[in-house]
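Shown next: coords-v7.cif, given as mmCIF, C-alpha atoms.
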```cif
data_final
loop_
_atom_site.group_PDB
_atom_site.id
_atom_site.type_symbol
_atom_site.label_atom_id
_atom_site.label_comp_id
_atom_site.auth_asym_id
_atom_site.auth_seq_id
_atom_site.Cartn_x
_atom_site.Cartn_y
_atom_site.Cartn_z
ATOM 1 C CA MET A 1068 -6.597 -36.264 -41.923
ATOM 2 C CA GLY A 1069 -4.017 -38.256 -43.865
ATOM 3 C CA GLN A 1070 -0.930 -38.193 -46.024
ATOM 4 C CA GLU A 1071 -0.531 -37.773 -49.789
ATOM 5 C CA ALA A 1072 2.249 -39.180 -51.878
ATOM 6 C CA GLY A 1073 5.434 -37.318 -51.074
ATOM 7 C CA GLY A 1074 4.717 -37.287 -47.331
ATOM 8 C CA LYS A 1075 2.545 -34.179 -47.185
ATOM 9 C CA GLU A 1076 -0.026 -34.129 -44.387
ATOM 10 C CA VAL A 1077 -3.523 -33.006 -45.409
ATOM 11 C CA ASP A 1078 -6.809 -32.497 -43.562
ATOM 12 C CA GLY A 1079 -10.201 -33.914 -44.505
ATOM 13 C CA ARG A 1080 -10.716 -31.291 -47.204
ATOM 14 C CA GLY A 1081 -7.411 -32.037 -48.869
ATOM 15 C CA VAL A 1082 -5.765 -28.851 -47.589
ATOM 16 C CA GLU A 1083 -2.125 -29.270 -46.735
ATOM 17 C CA ILE A 1084 -1.282 -28.855 -43.046
ATOM 18 C CA VAL A 1085 1.935 -26.966 -42.460
ATOM 19 C CA SER A 1086 3.594 -27.578 -39.081
ATOM 20 C CA GLU A 1087 4.929 -24.668 -37.046
ATOM 21 C CA GLU A 1088 8.486 -25.951 -37.431
ATOM 22 C CA ARG A 1089 8.103 -26.256 -41.208
ATOM 23 C CA GLU A 1090 6.494 -22.821 -41.430
ATOM 24 C CA GLU A 1091 9.425 -21.305 -39.562
ATOM 25 C CA ALA A 1092 11.870 -23.207 -41.777
ATOM 26 C CA GLU A 1093 10.182 -21.908 -44.920
ATOM 27 C CA LEU A 1094 10.345 -18.255 -43.771
ATOM 28 C CA PRO A 1095 13.010 -16.289 -45.571
ATOM 29 C CA ALA A 1096 16.084 -16.084 -43.380
ATOM 30 C CA GLY A 1097 15.979 -12.286 -43.191
ATOM 31 C CA ARG A 1098 12.300 -12.228 -42.230
ATOM 32 C CA TRP A 1099 12.741 -14.859 -39.523
ATOM 33 C CA THR A 1100 15.713 -12.998 -38.074
ATOM 34 C CA ALA A 1101 13.691 -9.761 -38.017
ATOM 35 C CA THR A 1102 10.788 -11.546 -36.283
ATOM 36 C CA ARG A 1103 13.053 -12.921 -33.561
ATOM 37 C CA ARG A 1104 14.663 -9.514 -33.105
ATOM 38 C CA THR A 1105 11.219 -7.891 -32.697
ATOM 39 C CA TRP A 1106 10.131 -10.394 -30.030
ATOM 40 C CA ARG A 1107 13.443 -10.031 -28.219
ATOM 41 C CA SER A 1108 13.018 -6.261 -28.201
ATOM 42 C CA ARG A 1109 9.480 -6.549 -26.842
ATOM 43 C CA ARG A 1110 10.585 -8.890 -24.068
ATOM 44 C CA ARG A 1111 13.377 -6.492 -23.159
ATOM 45 C CA ARG A 1112 10.959 -3.563 -22.947
ATOM 46 C CA LEU A 1113 8.577 -5.610 -20.806
ATOM 47 C CA VAL A 1114 11.377 -6.550 -18.407
ATOM 48 C CA LEU A 1115 12.456 -2.896 -18.177
ATOM 49 C CA ILE A 1116 8.886 -1.800 -17.434
ATOM 50 C CA VAL A 1117 8.503 -4.417 -14.685
ATOM 51 C CA LEU A 1118 11.857 -3.475 -13.146
ATOM 52 C CA SER A 1119 10.947 0.221 -13.268
ATOM 53 C CA VAL A 1120 7.650 -0.448 -11.472
ATOM 54 C CA LEU A 1121 9.486 -2.436 -8.792
ATOM 55 C CA ILE A 1122 12.296 0.080 -8.332
ATOM 56 C CA LEU A 1123 10.245 3.309 -8.469
ATOM 57 C CA PRO A 1124 8.858 3.043 -4.889
ATOM 58 C CA TYR A 1125 12.398 2.774 -3.480
ATOM 59 C CA ALA A 1126 13.437 5.871 -5.422
ATOM 60 C CA LEU A 1127 10.401 7.712 -4.061
ATOM 61 C CA ILE A 1128 11.267 6.654 -0.511
ATOM 62 C CA GLY A 1129 14.573 8.480 -1.011
ATOM 63 C CA LEU A 1130 12.806 11.496 -2.503
ATOM 64 C CA TYR A 1131 10.351 11.674 0.394
ATOM 65 C CA LEU A 1132 13.235 12.280 2.780
ATOM 66 C CA LEU A 1133 12.790 15.907 1.731
ATOM 67 C CA GLU A 1134 10.305 17.269 4.240
ATOM 68 C CA PHE A 1135 8.883 19.923 1.929
ATOM 69 C CA ILE A 1136 7.538 17.165 -0.349
ATOM 70 C CA HIS A 1137 3.994 16.087 0.532
ATOM 71 C CA PRO A 1138 3.389 12.570 -0.874
ATOM 72 C CA VAL A 1139 0.026 11.432 -2.186
ATOM 73 C CA SER A 1140 -1.436 7.936 -1.963
ATOM 74 C CA THR A 1141 -2.517 5.586 -4.721
ATOM 75 C CA LEU A 1142 -6.139 6.123 -3.610
ATOM 76 C CA MET A 1143 -5.758 9.870 -4.084
ATOM 77 C CA LEU A 1144 -4.359 9.277 -7.563
ATOM 78 C CA ARG A 1145 -7.303 6.977 -8.292
ATOM 79 C CA ASP A 1146 -9.749 9.674 -7.238
ATOM 80 C CA LEU A 1147 -8.002 12.169 -9.511
ATOM 81 C CA VAL A 1148 -8.069 9.782 -12.477
ATOM 82 C CA LEU A 1149 -11.783 9.137 -11.915
ATOM 83 C CA LEU A 1150 -12.381 12.915 -11.650
ATOM 84 C CA ARG A 1151 -13.767 12.568 -8.118
ATOM 85 C CA GLY A 1152 -11.381 14.915 -6.399
ATOM 86 C CA TYR A 1153 -10.487 14.618 -2.724
ATOM 87 C CA ASP A 1154 -9.921 16.645 0.435
ATOM 88 C CA ARG A 1155 -6.418 16.538 1.929
ATOM 89 C CA GLN A 1156 -4.721 19.374 3.797
ATOM 90 C CA TRP A 1157 -1.134 18.549 4.723
ATOM 91 C CA VAL A 1158 -0.248 19.301 8.333
ATOM 92 C CA GLU A 1159 3.177 19.150 9.983
ATOM 93 C CA PHE A 1160 3.769 16.573 12.697
ATOM 94 C CA ASP A 1161 4.079 19.229 15.420
ATOM 95 C CA ASP A 1162 0.640 20.587 14.463
ATOM 96 C CA ILE A 1163 -1.107 17.266 15.191
ATOM 97 C CA ALA A 1164 -2.534 16.764 18.686
ATOM 98 C CA PRO A 1165 -0.324 14.303 20.592
ATOM 99 C CA VAL A 1166 -3.472 12.504 21.793
ATOM 100 C CA LEU A 1167 -4.210 11.604 18.163
ATOM 101 C CA VAL A 1168 -0.704 10.218 17.628
ATOM 102 C CA GLN A 1169 -0.935 8.238 20.865
ATOM 103 C CA SER A 1170 -4.375 6.885 19.970
ATOM 104 C CA VAL A 1171 -3.296 5.799 16.488
ATOM 105 C CA MET A 1172 -0.217 4.053 17.870
ATOM 106 C CA MET A 1173 -2.203 2.218 20.541
ATOM 107 C CA SER A 1174 -4.839 1.188 18.014
ATOM 108 C CA GLU A 1175 -2.678 0.362 14.988
ATOM 109 C CA ASP A 1176 0.876 -0.407 16.068
ATOM 110 C CA GLY A 1177 1.795 -0.421 19.740
ATOM 111 C CA GLN A 1178 5.393 -1.442 19.004
ATOM 112 C CA PHE A 1179 5.957 1.313 16.432
ATOM 113 C CA CYS A 1180 8.985 2.725 18.259
ATOM 114 C CA ALA A 1181 10.523 -0.709 18.904
ATOM 115 C CA HIS A 1182 10.435 -2.498 15.543
ATOM 116 C CA ALA A 1183 12.248 -1.746 12.271
ATOM 117 C CA GLY A 1184 9.241 -1.714 9.979
ATOM 118 C CA ILE A 1185 7.798 -5.153 10.724
ATOM 119 C CA ASP A 1186 6.603 -6.627 14.014
ATOM 120 C CA TRP A 1187 8.045 -10.106 13.495
ATOM 121 C CA ALA A 1188 6.458 -11.524 16.655
ATOM 122 C CA GLN A 1189 3.001 -10.540 15.403
ATOM 123 C CA MET A 1190 3.857 -11.802 11.923
ATOM 124 C CA ARG A 1191 4.882 -15.218 13.253
ATOM 125 C CA GLY A 1192 1.602 -15.439 15.126
ATOM 126 C CA VAL A 1193 -0.339 -14.753 11.935
ATOM 127 C CA VAL A 1194 1.619 -17.395 10.009
ATOM 128 C CA GLU A 1195 1.086 -19.970 12.768
ATOM 129 C CA ASP A 1196 -2.658 -19.247 12.840
ATOM 130 C CA ALA A 1197 -2.840 -19.622 9.067
ATOM 131 C CA LEU A 1198 -0.971 -22.947 9.161
ATOM 132 C CA ASP A 1199 -3.345 -24.173 11.870
ATOM 133 C CA GLY A 1200 -6.328 -23.242 9.721
ATOM 134 C CA GLU A 1201 -7.465 -20.521 12.121
ATOM 135 C CA GLN A 1202 -8.752 -17.095 11.159
ATOM 136 C CA THR A 1203 -5.796 -14.739 10.961
ATOM 137 C CA ARG A 1204 -5.632 -11.390 12.712
ATOM 138 C CA GLY A 1205 -4.054 -8.265 11.296
ATOM 139 C CA ALA A 1206 -0.318 -7.764 11.731
ATOM 140 C CA SER A 1207 0.255 -4.681 9.599
ATOM 141 C CA THR A 1208 2.498 -2.094 11.199
ATOM 142 C CA ILE A 1209 2.267 1.621 10.522
ATOM 143 C CA PRO A 1210 5.272 1.443 8.127
ATOM 144 C CA MET A 1211 3.541 -1.399 6.252
ATOM 145 C CA GLN A 1212 0.297 0.555 6.023
ATOM 146 C CA THR A 1213 2.162 3.675 4.937
ATOM 147 C CA VAL A 1214 3.963 2.031 2.005
ATOM 148 C CA LYS A 1215 0.753 0.244 1.014
ATOM 149 C CA ASN A 1216 -1.076 3.579 0.921
ATOM 150 C CA LEU A 1217 1.724 5.276 -1.005
ATOM 151 C CA PHE A 1218 2.755 2.635 -3.523
ATOM 152 C CA LEU A 1219 0.458 -0.399 -3.563
ATOM 153 C CA TRP A 1220 -3.228 -1.280 -3.522
ATOM 154 C CA ASN A 1221 -5.933 -2.423 -1.105
ATOM 155 C CA GLY A 1222 -7.108 -6.012 -0.787
ATOM 156 C CA ARG A 1223 -5.555 -9.234 0.454
ATOM 157 C CA SER A 1224 -2.861 -10.532 -1.874
ATOM 158 C CA PHE A 1225 0.345 -12.514 -1.386
ATOM 159 C CA VAL A 1226 1.900 -10.493 -4.213
ATOM 160 C CA ARG A 1227 1.086 -7.213 -2.491
ATOM 161 C CA LYS A 1228 2.337 -8.505 0.861
ATOM 162 C CA ALA A 1229 5.590 -9.710 -0.728
ATOM 163 C CA MET A 1230 6.143 -6.208 -2.116
ATOM 164 C CA GLU A 1231 4.985 -4.500 1.075
ATOM 165 C CA LEU A 1232 7.430 -6.108 3.518
ATOM 166 C CA PRO A 1233 10.745 -4.943 1.979
ATOM 167 C CA LEU A 1234 9.244 -1.514 1.264
ATOM 168 C CA ALA A 1235 8.248 -1.175 4.931
ATOM 169 C CA ILE A 1236 11.777 -2.070 6.045
ATOM 170 C CA ALA A 1237 13.269 0.411 3.558
ATOM 171 C CA ALA A 1238 10.913 3.218 4.646
ATOM 172 C CA ASP A 1239 11.566 2.621 8.338
ATOM 173 C CA PHE A 1240 15.326 2.622 7.663
ATOM 174 C CA ALA A 1241 15.322 5.759 5.497
ATOM 175 C CA TRP A 1242 12.826 7.956 7.336
ATOM 176 C CA SER A 1243 12.823 9.053 10.937
ATOM 177 C CA LYS A 1244 9.931 7.763 13.023
ATOM 178 C CA ARG A 1245 8.498 11.275 13.124
ATOM 179 C CA ARG A 1246 8.627 11.596 9.330
ATOM 180 C CA LEU A 1247 7.067 8.163 8.927
ATOM 181 C CA MET A 1248 4.206 8.993 11.277
ATOM 182 C CA GLU A 1249 3.745 12.402 9.658
ATOM 183 C CA ILE A 1250 3.389 10.845 6.198
ATOM 184 C CA TYR A 1251 1.057 8.131 7.467
ATOM 185 C CA LEU A 1252 -1.279 10.564 9.196
ATOM 186 C CA ASN A 1253 -1.375 12.756 6.083
ATOM 187 C CA VAL A 1254 -2.235 10.003 3.594
ATOM 188 C CA ALA A 1255 -4.501 7.724 5.669
ATOM 189 C CA GLU A 1256 -8.093 7.513 4.461
ATOM 190 C CA TRP A 1257 -10.844 8.659 6.870
ATOM 191 C CA GLY A 1258 -13.878 8.482 4.606
ATOM 192 C CA GLU A 1259 -14.883 8.839 0.954
ATOM 193 C CA GLY A 1260 -12.486 11.411 -0.487
ATOM 194 C CA ILE A 1261 -11.199 12.357 2.997
ATOM 195 C CA TYR A 1262 -7.434 11.893 3.393
ATOM 196 C CA GLY A 1263 -5.118 12.983 6.145
ATOM 197 C CA ILE A 1264 -5.796 13.922 9.735
ATOM 198 C CA GLU A 1265 -6.440 17.639 9.132
ATOM 199 C CA ALA A 1266 -9.227 17.003 6.605
ATOM 200 C CA ALA A 1267 -10.573 14.187 8.811
ATOM 201 C CA ALA A 1268 -10.678 16.311 11.981
ATOM 202 C CA ARG A 1269 -12.470 19.146 10.199
ATOM 203 C CA HIS A 1270 -14.871 16.827 8.348
ATOM 204 C CA HIS A 1271 -15.898 14.709 11.337
ATOM 205 C CA PHE A 1272 -15.607 17.153 14.245
ATOM 206 C CA GLY A 1273 -15.225 20.665 12.836
ATOM 207 C CA VAL A 1274 -11.852 21.266 14.521
ATOM 208 C CA SER A 1275 -8.223 21.290 13.390
ATOM 209 C CA ALA A 1276 -5.915 18.328 13.953
ATOM 210 C CA ALA A 1277 -4.213 20.313 16.730
ATOM 211 C CA LYS A 1278 -7.468 20.745 18.677
ATOM 212 C CA LEU A 1279 -8.730 17.157 18.813
ATOM 213 C CA SER A 1280 -9.924 15.914 22.191
ATOM 214 C CA ARG A 1281 -9.003 12.514 23.606
ATOM 215 C CA ARG A 1282 -12.350 10.992 22.673
ATOM 216 C CA GLN A 1283 -12.295 12.470 19.156
ATOM 217 C CA ALA A 1284 -8.750 11.197 18.643
ATOM 218 C CA ALA A 1285 -9.728 7.721 19.823
ATOM 219 C CA LEU A 1286 -12.761 7.634 17.513
ATOM 220 C CA LEU A 1287 -10.613 8.605 14.532
ATOM 221 C CA ALA A 1288 -8.010 5.974 15.455
ATOM 222 C CA VAL A 1289 -10.448 3.063 15.724
ATOM 223 C CA SER A 1290 -12.136 4.021 12.455
ATOM 224 C CA LEU A 1291 -8.892 3.585 10.476
ATOM 225 C CA PRO A 1292 -9.238 -0.136 9.685
ATOM 226 C CA ASN A 1293 -12.503 0.511 7.831
ATOM 227 C CA PRO A 1294 -13.095 4.261 7.443
ATOM 228 C CA ILE A 1295 -15.957 3.833 4.976
ATOM 229 C CA ASP A 1296 -18.145 1.762 7.320
ATOM 230 C CA ARG A 1297 -16.775 3.185 10.585
ATOM 231 C CA THR A 1298 -17.713 6.861 10.743
ATOM 232 C CA ALA A 1299 -15.815 8.657 13.486
ATOM 233 C CA GLY A 1300 -18.225 11.597 13.522
ATOM 234 C CA LYS A 1301 -21.291 9.329 13.859
ATOM 235 C CA PRO A 1302 -20.093 6.362 15.907
ATOM 236 C CA GLY A 1303 -22.279 3.420 16.791
ATOM 237 C CA ARG A 1304 -22.209 1.654 20.137
ATOM 238 C CA GLY A 1305 -19.458 -0.746 19.083
ATOM 239 C CA LEU A 1306 -17.207 2.035 17.792
ATOM 240 C CA ARG A 1307 -17.707 4.041 20.988
ATOM 241 C CA ARG A 1308 -16.770 0.994 23.043
ATOM 242 C CA LEU A 1309 -13.567 0.479 21.043
ATOM 243 C CA ALA A 1310 -12.748 4.177 21.322
ATOM 244 C CA ALA A 1311 -13.070 4.020 25.104
ATOM 245 C CA VAL A 1312 -10.503 1.204 25.227
ATOM 246 C CA ILE A 1313 -8.063 3.097 22.994
ATOM 247 C CA GLU A 1314 -8.579 6.286 24.972
ATOM 248 C CA ARG A 1315 -7.489 4.491 28.146
ATOM 249 C CA ARG A 1316 -4.484 2.929 26.411
ATOM 250 C CA ALA A 1317 -3.448 6.277 24.935
ATOM 251 C CA GLY A 1318 -3.496 7.801 28.408
ATOM 252 C CA ARG A 1319 -0.941 5.195 29.531
ATOM 253 C CA SER A 1320 1.228 5.260 26.389
ATOM 254 C CA GLY A 1321 4.096 7.396 27.657
ATOM 255 C CA GLY A 1322 6.664 4.614 27.465
ATOM 256 C CA TYR A 1323 5.670 3.676 23.916
ATOM 257 C CA ILE A 1324 6.063 7.057 22.196
ATOM 258 C CA THR A 1325 9.629 7.996 23.150
ATOM 259 C CA CYS A 1326 10.751 7.886 19.498
ATOM 260 C CA LEU A 1327 8.291 10.669 18.651
ATOM 261 C CA TYR A 1328 8.388 12.969 21.665
ATOM 262 C CA ASP A 1329 11.422 13.806 23.774
#
```
Here is a file; write its structure as structure tokens.
Amino acid sequence: MGQEAGGKEVDGRGVEIVSEEREEAELPAGRWTATRRTWRSRRRRLVLIVLSVLILPYALIGLYLLEFIHPVSTLMLRDLVLLRGYDRQWVEFDDIAPVLVQSVMMSEDGQFCAHAGIDWAQMRGVVEDALDGEQTRGASTIPMQTVKNLFLWNGRSFVRKAMELPLAIAADFAWSKRRLMEIYLNVAEWGEGIYGIEAAARHHFGVSAAKLSRRQAALLAVSLPNPIDRTAGKPGRGLRRLAAVIERRAGRSGGYITCLYD
């Protein structure tokens, strides 16, 4: 690489090297203006797409105030796109056995009636454990799990968690606790292609959601964290042991469920 007379820079084969700045300077003014306008337009469209993706869940939270609308989860949409299909039969909150609601609360979110979407005490504990280098425990509330199921994706991610927290607060603010629990129990996954408590109760135990026993409800509740590996209808010893604990807690949960039952 060197320079010829006149200050032109050439490579080893004698081919002139044109810098990016010089190339831009040599573009006709009209063409360069059109190029900048095109890139500006593309950036604007990209920003609008990103903003739409971020805003859409909040608009849907408002739409889902209408009780005749039965939301679907991102996993259901995935199954449809992949042509797998799924089983989900929407059931009203009053048609779900109270023992199932109690069991899910005691297993997933004991402070459901007390917090406003996020259990900050639990969240602080998780952050402190992470800062200390300890293994973190779960701190997801039912509102957090509901918005994740409806609008986000599975897997650990700081990006997902950053989106999940304000969505959980918005959902808890907009929806009644009964509506929130109703949506959660109708979109939760209970096995491959099995969504919602009605489909889960019929698939695992051959009964409707209204007819679940205390033990069946407890088994379904403790299978929620990992419904693919934890099969409520065919529980192992460990799952039965967990279910027994939740069954006892559910029996003493009267003071925790006042926001759902008068």
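In this model, the gap between atom CA of Glu1259 of chain A and atom CA of Leu1123 of chain A comes to 27.4 Å.
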What is the atom CA of Ile1264 of chain A-atom CA of Ala1310 of chain A distance in Å, reported with one decimal?
16.7 Å
The PyMOL selection byres ((chain A and resi 1171) around 9) resolved against shown file, as a VMD selection string
chain A and resid 1166 to 1170 1172 to 1177 1252 1284 to 1285 1287 to 1289 1291 1313 1317
Could you turn the residues from that selection into a file that holds C-alpha atoms, as an mmCIF file, in the coordinates of the input?
```
data_model
loop_
_atom_site.group_PDB
_atom_site.id
_atom_site.type_symbol
_atom_site.label_atom_id
_atom_site.label_comp_id
_atom_site.auth_asym_id
_atom_site.auth_seq_id
_atom_site.Cartn_x
_atom_site.Cartn_y
_atom_site.Cartn_z
ATOM 1 C CA VAL A 1166 -3.472 12.504 21.793
ATOM 2 C CA LEU A 1167 -4.210 11.604 18.163
ATOM 3 C CA VAL A 1168 -0.704 10.218 17.628
ATOM 4 C CA GLN A 1169 -0.935 8.238 20.865
ATOM 5 C CA SER A 1170 -4.375 6.885 19.970
ATOM 6 C CA MET A 1172 -0.217 4.053 17.870
ATOM 7 C CA MET A 1173 -2.203 2.218 20.541
ATOM 8 C CA SER A 1174 -4.839 1.188 18.014
ATOM 9 C CA GLU A 1175 -2.678 0.362 14.988
ATOM 10 C CA ASP A 1176 0.876 -0.407 16.068
ATOM 11 C CA GLY A 1177 1.795 -0.421 19.740
ATOM 12 C CA LEU A 1252 -1.279 10.564 9.196
ATOM 13 C CA ALA A 1284 -8.750 11.197 18.643
ATOM 14 C CA ALA A 1285 -9.728 7.721 19.823
ATOM 15 C CA LEU A 1287 -10.613 8.605 14.532
ATOM 16 C CA ALA A 1288 -8.010 5.974 15.455
ATOM 17 C CA VAL A 1289 -10.448 3.063 15.724
ATOM 18 C CA LEU A 1291 -8.892 3.585 10.476
ATOM 19 C CA ILE A 1313 -8.063 3.097 22.994
ATOM 20 C CA ALA A 1317 -3.448 6.277 24.935
#
```
Find, counting all atoms listed in the file, the residue in A:Val1139, A:Ala1181, A:Val1148, A:Ala1206 that gets nearest to Val1254 of chain A.
A:Val1139
To one decimal place in Å, what is the distance between atom CA of Arg1155 of chain A and atom CA of Gly1260 of chain A?
8.3 Å
List the residues selected by the PyMOL selection byres ((chain A and resi 1134) around 10) in the file shown, writing them as an MDAnalysis selection string.
chainID A and resid 1130:1133 1135:1138 1159 1246 1249:1250
For this structure, which residues satisfy the selection - the PyMOL selection byres ((chain A and resi 1244) around 9) - when it is evaluated on the file as given? I want them as a list in words.
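When the PyMOL selection byres ((chain A and resi 1244) around 9) is applied, the selected residues are Phe1179, Cys1180, Asp1239, Trp1242, Ser1243, Arg1245, Arg1246, Leu1247, Met1248, Glu1249, Cys1326 and Leu1327 of chain A.
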Output as a short mmCIF file (atom, residue, chain, number, x, y, z; two decimals), in the coordinates of the input: segment 1213-1222 of chain A, completed with all heavy atoms.
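And here is the file that came out, selection13.cif:
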```cif
data_model
loop_
_atom_site.label_atom_id
_atom_site.label_comp_id
_atom_site.auth_asym_id
_atom_site.auth_seq_id
_atom_site.Cartn_x
_atom_site.Cartn_y
_atom_site.Cartn_z
N THR A 1213 1.74 2.46 5.64
CA THR A 1213 2.16 3.68 4.94
C THR A 1213 2.62 3.37 3.51
O THR A 1213 2.19 4.03 2.56
CB THR A 1213 3.29 4.38 5.70
OG1 THR A 1213 2.85 4.66 7.03
CG2 THR A 1213 3.68 5.68 5.03
N VAL A 1214 3.48 2.35 3.36
CA VAL A 1214 3.96 2.03 2.00
C VAL A 1214 2.84 1.45 1.15
O VAL A 1214 2.81 1.66 -0.07
CB VAL A 1214 5.18 1.08 2.05
CG1 VAL A 1214 6.35 1.76 2.77
CG2 VAL A 1214 4.85 -0.25 2.71
N LYS A 1215 1.91 0.74 1.78
CA LYS A 1215 0.75 0.24 1.01
C LYS A 1215 -0.05 1.42 0.48
O LYS A 1215 -0.43 1.45 -0.70
CB LYS A 1215 -0.13 -0.63 1.89
CG LYS A 1215 -1.34 -1.22 1.17
CD LYS A 1215 -2.47 -1.56 2.12
CE LYS A 1215 -3.14 -0.31 2.64
NZ LYS A 1215 -4.31 -0.57 3.50
N ASN A 1216 -0.31 2.41 1.34
CA ASN A 1216 -1.08 3.58 0.92
C ASN A 1216 -0.36 4.36 -0.18
O ASN A 1216 -1.00 4.86 -1.11
CB ASN A 1216 -1.34 4.50 2.11
CG ASN A 1216 -2.33 3.92 3.10
OD1 ASN A 1216 -3.09 3.02 2.77
ND2 ASN A 1216 -2.32 4.42 4.33
N LEU A 1217 0.96 4.46 -0.06
CA LEU A 1217 1.72 5.28 -1.00
C LEU A 1217 1.96 4.59 -2.34
O LEU A 1217 1.89 5.24 -3.40
CB LEU A 1217 3.08 5.66 -0.40
CG LEU A 1217 3.09 6.66 0.75
CD1 LEU A 1217 4.50 6.81 1.30
CD2 LEU A 1217 2.54 8.01 0.30
N PHE A 1218 2.23 3.28 -2.32
CA PHE A 1218 2.76 2.64 -3.52
C PHE A 1218 1.95 1.44 -4.04
O PHE A 1218 2.12 1.05 -5.19
CB PHE A 1218 4.19 2.15 -3.26
CG PHE A 1218 5.10 3.20 -2.69
CD1 PHE A 1218 5.76 2.99 -1.48
CD2 PHE A 1218 5.30 4.40 -3.35
CE1 PHE A 1218 6.60 3.96 -0.95
CE2 PHE A 1218 6.15 5.37 -2.82
CZ PHE A 1218 6.80 5.15 -1.62
N LEU A 1219 1.09 0.86 -3.20
CA LEU A 1219 0.46 -0.40 -3.56
C LEU A 1219 -1.06 -0.24 -3.65
O LEU A 1219 -1.55 0.82 -3.98
CB LEU A 1219 0.88 -1.49 -2.57
CG LEU A 1219 2.41 -1.68 -2.46
CD1 LEU A 1219 2.77 -2.65 -1.35
CD2 LEU A 1219 2.99 -2.14 -3.78
N TRP A 1220 -1.78 -1.29 -3.35
CA TRP A 1220 -3.23 -1.28 -3.52
C TRP A 1220 -3.88 -1.98 -2.34
O TRP A 1220 -3.24 -2.71 -1.59
CB TRP A 1220 -3.60 -1.98 -4.84
CG TRP A 1220 -3.18 -3.42 -4.89
CD1 TRP A 1220 -3.92 -4.52 -4.53
CD2 TRP A 1220 -1.90 -3.95 -5.31
NE1 TRP A 1220 -3.20 -5.68 -4.70
CE2 TRP A 1220 -1.96 -5.36 -5.18
CE3 TRP A 1220 -0.72 -3.35 -5.78
CZ2 TRP A 1220 -0.89 -6.19 -5.51
CZ3 TRP A 1220 0.35 -4.19 -6.10
CH2 TRP A 1220 0.25 -5.58 -5.96
N ASN A 1221 -5.19 -1.77 -2.18
CA ASN A 1221 -5.93 -2.42 -1.10
C ASN A 1221 -6.27 -3.85 -1.50
O ASN A 1221 -6.19 -4.24 -2.67
CB ASN A 1221 -7.22 -1.65 -0.80
CG ASN A 1221 -6.95 -0.36 -0.06
OD1 ASN A 1221 -5.96 -0.24 0.67
ND2 ASN A 1221 -7.81 0.62 -0.23
N GLY A 1222 -6.71 -4.64 -0.52
CA GLY A 1222 -7.11 -6.01 -0.79
C GLY A 1222 -6.04 -7.00 -0.36
O GLY A 1222 -4.84 -6.69 -0.37
#
```
